[in-house]
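K.L.:
The file below is upload-v8.cif, mmCIF, C-alpha atoms:
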```
data_data
#
loop_
_atom_site.label_atom_id
_atom_site.label_comp_id
_atom_site.auth_asym_id
_atom_site.auth_seq_id
_atom_site.Cartn_x
_atom_site.Cartn_y
_atom_site.Cartn_z
CA ASP A 1 20.28 29.59 13.82
CA GLY A 2 16.61 29.23 14.71
CA ILE A 3 16.91 25.66 15.99
CA ALA A 4 15.28 24.82 19.32
CA THR A 5 16.81 22.06 21.44
CA LEU A 6 14.17 20.34 23.53
CA LEU A 7 15.92 18.55 26.39
CA LEU A 8 14.27 15.68 28.28
CA ASN A 9 15.66 16.60 31.68
CA ARG A 10 15.11 14.04 34.45
CA PRO A 11 18.50 12.32 34.32
CA LYS A 12 18.22 10.72 37.77
CA VAL A 13 15.40 8.53 36.41
CA ARG A 14 16.85 8.23 32.90
CA ASN A 15 14.43 10.92 31.65
CA ALA A 16 11.37 8.78 32.31
CA ILE A 17 8.17 10.62 31.43
CA ASP A 18 5.80 11.52 34.26
CA ASP A 19 2.66 13.66 34.23
CA ALA A 20 4.62 16.87 34.81
CA MET A 21 6.94 16.17 31.88
CA ARG A 22 3.96 15.40 29.64
CA ALA A 23 2.45 18.77 30.51
CA ASP A 24 5.76 20.57 30.00
CA LEU A 25 6.25 18.87 26.64
CA VAL A 26 2.83 19.95 25.38
CA ALA A 27 3.35 23.53 26.59
CA LEU A 28 6.79 23.81 25.00
CA LEU A 29 5.65 22.35 21.69
CA ASP A 30 2.76 24.80 21.58
CA ARG A 31 5.18 27.67 22.22
CA ILE A 32 7.55 26.39 19.53
CA ALA A 33 4.72 26.03 17.00
CA ARG A 34 3.73 29.67 17.50
CA ASP A 35 7.27 31.11 17.43
CA ASP A 36 8.28 31.97 13.85
CA ALA A 37 11.87 32.51 15.00
CA ILE A 38 12.12 28.76 15.61
CA ARG A 39 12.53 26.88 12.34
CA ALA A 40 13.17 23.32 13.56
CA VAL A 41 13.48 21.24 16.73
CA VAL A 42 16.05 18.75 18.02
CA VAL A 43 14.83 16.48 20.85
CA THR A 44 17.49 14.85 23.03
CA GLY A 45 18.04 13.55 26.55
CA GLN A 46 20.06 14.84 29.46
CA GLY A 47 22.68 12.49 30.85
CA ALA A 48 23.24 8.88 29.82
CA ALA A 49 19.76 8.07 28.47
CA PHE A 50 17.43 9.49 25.85
CA CYS A 51 14.27 8.34 27.62
CA ALA A 52 13.53 5.24 29.69
CA GLY A 53 9.81 5.39 28.95
CA GLY A 54 7.02 5.75 31.49
CA ASP A 55 7.79 6.79 35.05
CA ILE A 56 7.82 4.01 37.65
CA LYS A 57 5.86 6.18 40.10
CA GLY A 58 2.96 6.20 37.68
CA MET A 59 3.15 2.42 37.42
CA ARG A 60 2.98 2.11 41.23
CA GLU A 61 0.00 4.46 41.41
CA ARG A 62 -1.79 2.48 38.74
CA MET A 63 -1.25 -0.80 40.59
CA ALA A 64 -2.36 0.71 43.90
CA ALA A 65 -5.57 2.28 42.61
CA PRO A 66 -8.93 0.72 43.54
CA ALA A 67 -10.04 -1.84 40.99
CA GLY A 68 -12.94 0.31 39.84
CA GLU A 69 -10.61 3.22 39.00
CA VAL A 70 -7.80 1.42 37.17
CA ALA A 71 -9.34 1.59 33.71
CA ILE A 72 -10.52 5.21 33.79
CA ASN A 73 -7.26 6.42 35.35
CA GLY A 74 -5.35 4.60 32.63
CA TRP A 75 -7.59 6.09 29.95
CA ARG A 76 -6.95 9.60 31.26
CA ARG A 77 -3.19 9.06 31.32
CA GLN A 78 -3.36 7.69 27.79
CA GLN A 79 -5.17 10.81 26.64
CA ARG A 80 -2.41 13.00 28.08
CA THR A 81 0.29 10.84 26.52
CA HIS A 82 -1.38 10.87 23.11
CA HIS A 83 -1.81 14.64 23.28
CA ALA A 84 1.94 15.08 23.85
CA ILE A 85 2.99 12.61 21.15
CA ALA A 86 0.53 14.06 18.63
CA ALA A 87 1.82 17.57 19.35
CA LEU A 88 5.34 16.39 18.55
CA HIS A 89 4.36 14.39 15.46
CA THR A 90 2.22 17.15 13.94
CA LEU A 91 4.47 20.08 14.84
CA PRO A 92 4.52 22.18 11.62
CA LYS A 93 8.33 22.31 11.59
CA PRO A 94 11.05 19.70 11.00
CA THR A 95 11.84 17.60 14.07
CA ILE A 96 14.90 15.43 14.74
CA ALA A 97 15.37 13.03 17.63
CA ALA A 98 19.02 12.97 18.70
CA VAL A 99 19.09 9.67 20.59
CA ASN A 100 22.02 9.92 22.96
CA GLY A 101 21.39 6.72 24.94
CA PRO A 102 18.71 4.08 25.56
CA ALA A 103 15.30 4.93 24.07
CA THR A 104 12.97 2.41 25.66
CA GLY A 105 9.21 1.92 25.47
CA LEU A 106 7.56 5.33 25.45
CA GLY A 107 11.02 6.83 24.94
CA CYS A 108 11.31 4.93 21.67
CA ASP A 109 7.86 6.21 20.68
CA VAL A 110 9.00 9.79 21.33
CA ALA A 111 11.97 9.31 19.02
CA LEU A 112 9.87 7.76 16.26
CA ALA A 113 7.29 10.54 16.50
CA CYS A 114 9.93 12.91 15.13
CA ASP A 115 10.42 13.34 11.40
CA PHE A 116 13.97 11.99 11.56
CA VAL A 117 16.12 10.07 14.04
CA VAL A 118 19.88 10.26 14.43
CA ALA A 119 21.42 8.10 17.15
CA ALA A 120 24.78 7.85 18.83
CA ASP A 121 26.40 4.56 17.89
CA SER A 122 26.35 3.68 21.59
CA ALA A 123 22.56 4.22 21.84
CA THR A 124 19.92 1.50 21.87
CA LEU A 125 16.23 1.40 20.96
CA ALA A 126 13.59 -1.03 22.21
CA MET A 127 9.82 -1.46 21.98
CA SER A 128 10.00 -3.05 25.41
CA TYR A 129 6.31 -2.90 26.38
CA ILE A 130 5.81 -6.67 26.09
CA HIS A 131 8.14 -7.17 29.05
CA ARG A 132 5.51 -5.42 31.23
CA GLY A 133 2.57 -7.17 29.60
CA LEU A 134 1.64 -4.06 27.62
CA ILE A 135 1.30 -2.83 24.05
CA PRO A 136 3.05 0.25 22.62
CA ASP A 137 0.84 3.15 23.68
CA GLY A 138 2.83 6.19 22.51
CA GLY A 139 2.27 5.83 18.77
CA GLY A 140 4.76 3.04 18.13
CA MET A 141 2.17 0.82 16.46
CA TYR A 142 1.62 3.65 13.97
CA PHE A 143 5.15 4.99 13.50
CA LEU A 144 7.18 1.78 13.53
CA PRO A 145 5.45 -0.09 10.65
CA ARG A 146 5.84 3.02 8.48
CA ARG A 147 9.57 2.93 9.05
CA VAL A 148 10.44 -0.78 8.97
CA GLY A 149 7.43 -2.53 7.43
CA LEU A 150 4.61 -4.42 9.13
CA ALA A 151 6.23 -7.83 9.66
CA ARG A 152 9.44 -6.42 11.13
CA ALA A 153 7.47 -4.03 13.33
CA LYS A 154 5.45 -6.97 14.68
CA GLU A 155 8.67 -8.85 15.45
CA LEU A 156 10.09 -5.90 17.39
CA VAL A 157 6.85 -5.36 19.32
CA PHE A 158 6.25 -9.06 20.01
CA THR A 159 9.78 -9.66 21.33
CA GLY A 160 10.57 -6.26 22.82
CA ARG A 161 14.20 -6.87 21.94
CA THR A 162 16.84 -4.19 22.11
CA LEU A 163 18.43 -2.89 18.90
CA THR A 164 21.79 -1.23 18.57
CA ALA A 165 21.97 1.97 16.57
CA THR A 166 23.75 0.03 13.83
CA GLU A 167 20.91 -2.48 13.49
CA ALA A 168 18.25 0.23 13.73
CA LEU A 169 19.97 2.08 10.88
CA ALA A 170 20.21 -1.05 8.76
CA ILE A 171 16.46 -1.74 8.95
CA GLY A 172 15.41 1.88 8.42
CA MET A 173 14.20 2.50 11.96
CA ILE A 174 16.52 5.52 12.15
CA GLU A 175 18.08 7.67 9.44
CA ARG A 176 21.61 8.25 10.75
CA ALA A 177 24.12 6.96 13.32
CA THR A 178 27.15 8.86 14.53
CA THR A 179 29.61 9.11 17.41
CA PRO A 180 28.37 10.38 20.79
CA ASP A 181 30.49 13.53 20.53
CA ALA A 182 29.18 14.34 17.05
CA LEU A 183 25.53 13.57 17.83
CA LEU A 184 24.21 16.98 18.83
CA PRO A 185 26.33 19.03 16.38
CA GLU A 186 25.23 16.74 13.53
CA ALA A 187 21.57 16.91 14.56
CA LEU A 188 21.69 20.71 14.78
CA ALA A 189 23.43 21.04 11.42
CA TRP A 190 20.91 18.69 9.83
CA ALA A 191 18.05 20.69 11.36
CA CYS A 192 19.48 23.86 9.80
CA GLU A 193 19.67 22.14 6.42
CA LEU A 194 16.12 20.78 6.63
CA SER A 195 14.60 24.09 7.71
CA ALA A 196 16.35 26.41 5.27
CA GLY A 197 13.32 26.65 2.97
CA SER A 198 9.99 28.43 3.31
CA LEU A 199 8.40 27.73 6.71
CA ALA A 200 4.95 27.79 5.11
CA ALA A 201 5.93 25.27 2.44
CA LEU A 202 7.59 23.01 5.02
CA ALA A 203 4.53 23.07 7.29
CA LEU A 204 2.08 22.39 4.46
CA ALA A 205 4.15 19.60 2.93
CA LYS A 206 4.66 17.91 6.30
CA THR A 207 0.96 18.07 7.16
CA THR A 208 -0.06 16.34 3.93
CA MET A 209 2.75 13.80 3.88
CA ASN A 210 1.99 12.75 7.46
CA GLN A 211 -1.45 11.66 6.24
CA SER A 212 -0.46 10.33 2.81
CA PHE A 213 -0.47 6.61 3.75
CA GLU A 214 -4.10 6.86 4.84
CA LEU A 215 -5.45 9.06 2.04
CA PRO A 216 -6.40 8.17 -1.54
CA VAL A 217 -4.31 9.88 -4.19
CA GLU A 218 -7.20 12.17 -5.11
CA GLN A 219 -7.29 13.53 -1.57
CA VAL A 220 -3.53 14.09 -1.57
CA PHE A 221 -3.92 16.01 -4.83
CA ALA A 222 -6.77 18.06 -3.34
CA GLN A 223 -4.83 18.94 -0.21
CA GLY A 224 -1.78 19.68 -2.34
CA SER A 225 -3.76 22.08 -4.52
CA GLN A 226 -5.00 23.99 -1.48
CA ALA A 227 -1.52 24.07 0.03
CA GLN A 228 0.04 25.27 -3.21
CA ALA A 229 -2.45 28.10 -3.44
CA ILE A 230 -1.31 29.24 0.00
CA CYS A 231 2.34 28.95 -1.08
CA TYR A 232 1.68 31.18 -4.10
CA SER A 233 0.78 34.01 -1.73
CA THR A 234 3.80 33.76 0.57
CA ARG A 235 6.61 36.29 0.69
CA GLU A 236 9.22 33.53 0.21
CA HIS A 237 7.65 32.34 -3.05
CA GLN A 238 7.14 35.82 -4.46
CA GLU A 239 10.66 36.96 -3.60
CA SER A 240 12.27 33.81 -5.02
CA VAL A 241 10.31 34.05 -8.30
CA THR A 242 11.16 37.74 -8.66
CA ALA A 243 14.85 36.99 -8.11
CA PHE A 244 14.73 34.05 -10.55
CA LEU A 245 13.06 36.14 -13.26
CA ALA A 246 15.57 38.97 -12.79
CA LYS A 247 18.47 36.53 -13.04
CA SER A 248 16.95 34.93 -16.13
CA ALA A 249 16.53 38.34 -17.77
CA GLU A 250 20.14 39.20 -16.96
CA ARG A 251 21.34 35.97 -18.60
CA GLY A 252 19.23 36.81 -21.66
CA ARG A 253 20.83 40.24 -22.00
CA ALA A 254 24.31 38.75 -21.60
CA ALA A 255 23.63 36.28 -24.40
#
```
Show me the file's structure as structure tokens.
P.N.:
Amino acid sequence: DGIATLLLNRPKVRNAIDDAMRADLVALLDRIARDDAIRAVVVTGQGAAFCAGGDIKGMRERMAAPAGEVAINGWRRQQRTHHAIAALHTLPKPTIAAVNGPATGLGCDVALACDFVVAADSATLAMSYIHRGLIPDGGGMYFLPRRVGLARAKELVFTGRTLTATEALAIGMIERATTPDALLPEALAWACELSAGSLAALALAKTTMNQSFELPVEQVFAQGSQAQAICYSTREHQESVTAFLAKSAERGRAA
């Protein structure tokens, strides 16, 4: 039904993200963005976890690097991470994270970078960076306050505590919780529902709404005007208006 399932697939390390996975993620998201046959994306994890965060091998390499290289190596890795997260967040199609197990640290950021999150009721989410003396570096400091509010986001980042799916749902961190068996079918069905409309309209609305907290209302209006002008020219709009007018004329004749 035009829904791509993007599977985080390193189950032996709980789908921890290494440099190779970052590169794969960017390449796949670019392919998905350019494929008009794909209308929406569901991101999930293979095995028992959604994503355990950063790969421990990368942590070891960072600790073992010469002192003069630690900062620049970290900066380069951050650039790659941000590229992957931004590609997911700005993908011009609806995205759903189907959190099948623990989503920890960077794994939690990956989930929150999606438009919507549905979690198995056995799953957990944690902004666990503080336990390694770090700050959220995968977009969590941007995404989390927009979902749960600033004060609650600070509390979750400062403590790094683990939330059940039930608590995450209650505070608005995720949109839905379901049973493990129903998780993927529900996410796929929801993706079909969300992506049933015009792909152009979906992409344009998402792009503007992703920026709407940072823009003044005049700028949102301006971007909306430009986007609407594009929508006027699309096949979906023209066909739907033609069908609506024909149906309206038929009702008029019947009356």
K.L.:
Report, in Å to a single decimal, how far apart CA of Leu112 in chain A and CA of Met173 in chain A are.
P.N.:
8.1 Å
K.L.:
Once 5 Å is added on each side, what centre and edge lengths in Å to one decimal does the axis-aligned box around all listed atoms of range 38-49 of chain A have, as JSON?
P.N.:
```
{"center_x": 17.7, "center_y": 18.4, "center_z": 21.6, "size_x": 21.1, "size_y": 30.7, "size_z": 28.5}
```
K.L.:
Could you list as a list in words every residue that has an atom within 7 Å of (7.5, 10.2, 25.5), using the file's coordinates and counting all atoms listed in the file?
P.N.:
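Protein and nucleic acid residues near the point are Ile17, Gly53, Ile85, Leu106, Gly107, Asp109, Val110 and Gly138 of chain A.
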K.L.:
Just want the 6 Å neighbourhood of range 98-103 of chain A, counted on only C-alpha atoms, with same-chain residues fewer than 4 positions away dropped. Output as number ranges by chain.
P.N.:
A: 43-44, 48-52, 107-108, 118-120, 123-125
K.L.:
Could you list the residues chosen by the PyMOL selection byres ((chain A and resi 141) around 10) in this structure as a ChimeraX atom specification?
P.N.:
/A:109,127,135-140,142-146,150,153-154,157
K.L.:
Got a sec to resolve the PyMOL selection byres ((chain A and resi 197-202) around 10) on this structure and send the residues as a PyMOL selection string?
P.N.:
chain A and resi 36+38-40+92-94+192-196+203-207+227-228+230-232+234-237
K.L.:
Kindly indicate which residue among A:Ala189, A:Met21, A:Ala113, A:Leu163 lies nearest to His89 in chain A, using all atoms listed in the file for the distances.
P.N.:
A:Ala113
K.L.:
Interatomic distance between CA of Ile96 in chain A and CA of Val42 in chain A?
P.N.:
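Interatomic distance, CA of Ile96 in chain A to CA of Val42 in chain A: 4.8 Å.
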K.L.:
Produce range 178-197 of chain A of the given structure as output with N, CA and C atoms, as a tab-separated table (two decimals), in the first residue's frame.
P.N.:
```
chain	number	residue	atom	x	y	z
A	178	THR	N	-0.04	0.29	22.22
A	178	THR	CA	-0.80	-0.88	21.81
A	178	THR	C	-0.06	-2.14	22.25
A	179	THR	N	-0.62	-3.29	21.96
A	179	THR	CA	0.03	-4.54	22.33
A	179	THR	C	1.19	-4.82	21.38
A	180	PRO	N	2.18	-5.60	21.80
A	180	PRO	CA	3.30	-5.91	20.91
A	180	PRO	C	2.86	-6.54	19.59
A	181	ASP	N	1.90	-7.45	19.64
A	181	ASP	CA	1.45	-8.12	18.42
A	181	ASP	C	0.76	-7.16	17.45
A	182	ALA	N	0.09	-6.15	18.00
A	182	ALA	CA	-0.67	-5.22	17.16
A	182	ALA	C	0.17	-4.03	16.70
A	183	LEU	N	1.40	-3.91	17.21
A	183	LEU	CA	2.18	-2.70	16.98
A	183	LEU	C	2.40	-2.42	15.50
A	184	LEU	N	3.01	-3.35	14.78
A	184	LEU	CA	3.33	-3.08	13.38
A	184	LEU	C	2.07	-2.99	12.51
A	185	PRO	N	1.08	-3.89	12.66
A	185	PRO	CA	-0.14	-3.72	11.87
A	185	PRO	C	-0.83	-2.38	12.12
A	186	GLU	N	-0.85	-1.93	13.38
A	186	GLU	CA	-1.48	-0.64	13.67
A	186	GLU	C	-0.70	0.51	13.07
A	187	ALA	N	0.63	0.45	13.16
A	187	ALA	CA	1.46	1.51	12.59
A	187	ALA	C	1.29	1.58	11.07
A	188	LEU	N	1.24	0.44	10.42
A	188	LEU	CA	1.08	0.41	8.96
A	188	LEU	C	-0.29	0.92	8.55
A	189	ALA	N	-1.33	0.52	9.29
A	189	ALA	CA	-2.67	1.00	8.97
A	189	ALA	C	-2.78	2.50	9.18
A	190	TRP	N	-2.16	3.00	10.23
A	190	TRP	CA	-2.17	4.43	10.52
A	190	TRP	C	-1.41	5.19	9.43
A	191	ALA	N	-0.29	4.62	8.97
A	191	ALA	CA	0.47	5.25	7.90
A	191	ALA	C	-0.35	5.34	6.62
A	192	CYS	N	-1.13	4.29	6.33
A	192	CYS	CA	-2.02	4.34	5.16
A	192	CYS	C	-3.04	5.46	5.30
A	193	GLU	N	-3.61	5.58	6.49
A	193	GLU	CA	-4.61	6.62	6.74
A	193	GLU	C	-4.01	8.02	6.59
A	194	LEU	N	-2.82	8.22	7.15
A	194	LEU	CA	-2.19	9.54	7.13
A	194	LEU	C	-1.74	9.96	5.73
A	195	SER	N	-1.44	8.97	4.88
A	195	SER	CA	-0.86	9.29	3.58
A	195	SER	C	-1.85	9.14	2.43
A	196	ALA	N	-3.14	9.07	2.75
A	196	ALA	CA	-4.14	8.86	1.70
A	196	ALA	C	-4.35	10.10	0.83
A	197	GLY	N	-4.01	11.26	1.33
A	197	GLY	CA	-4.25	12.50	0.59
A	197	GLY	C	-3.15	12.81	-0.41
```
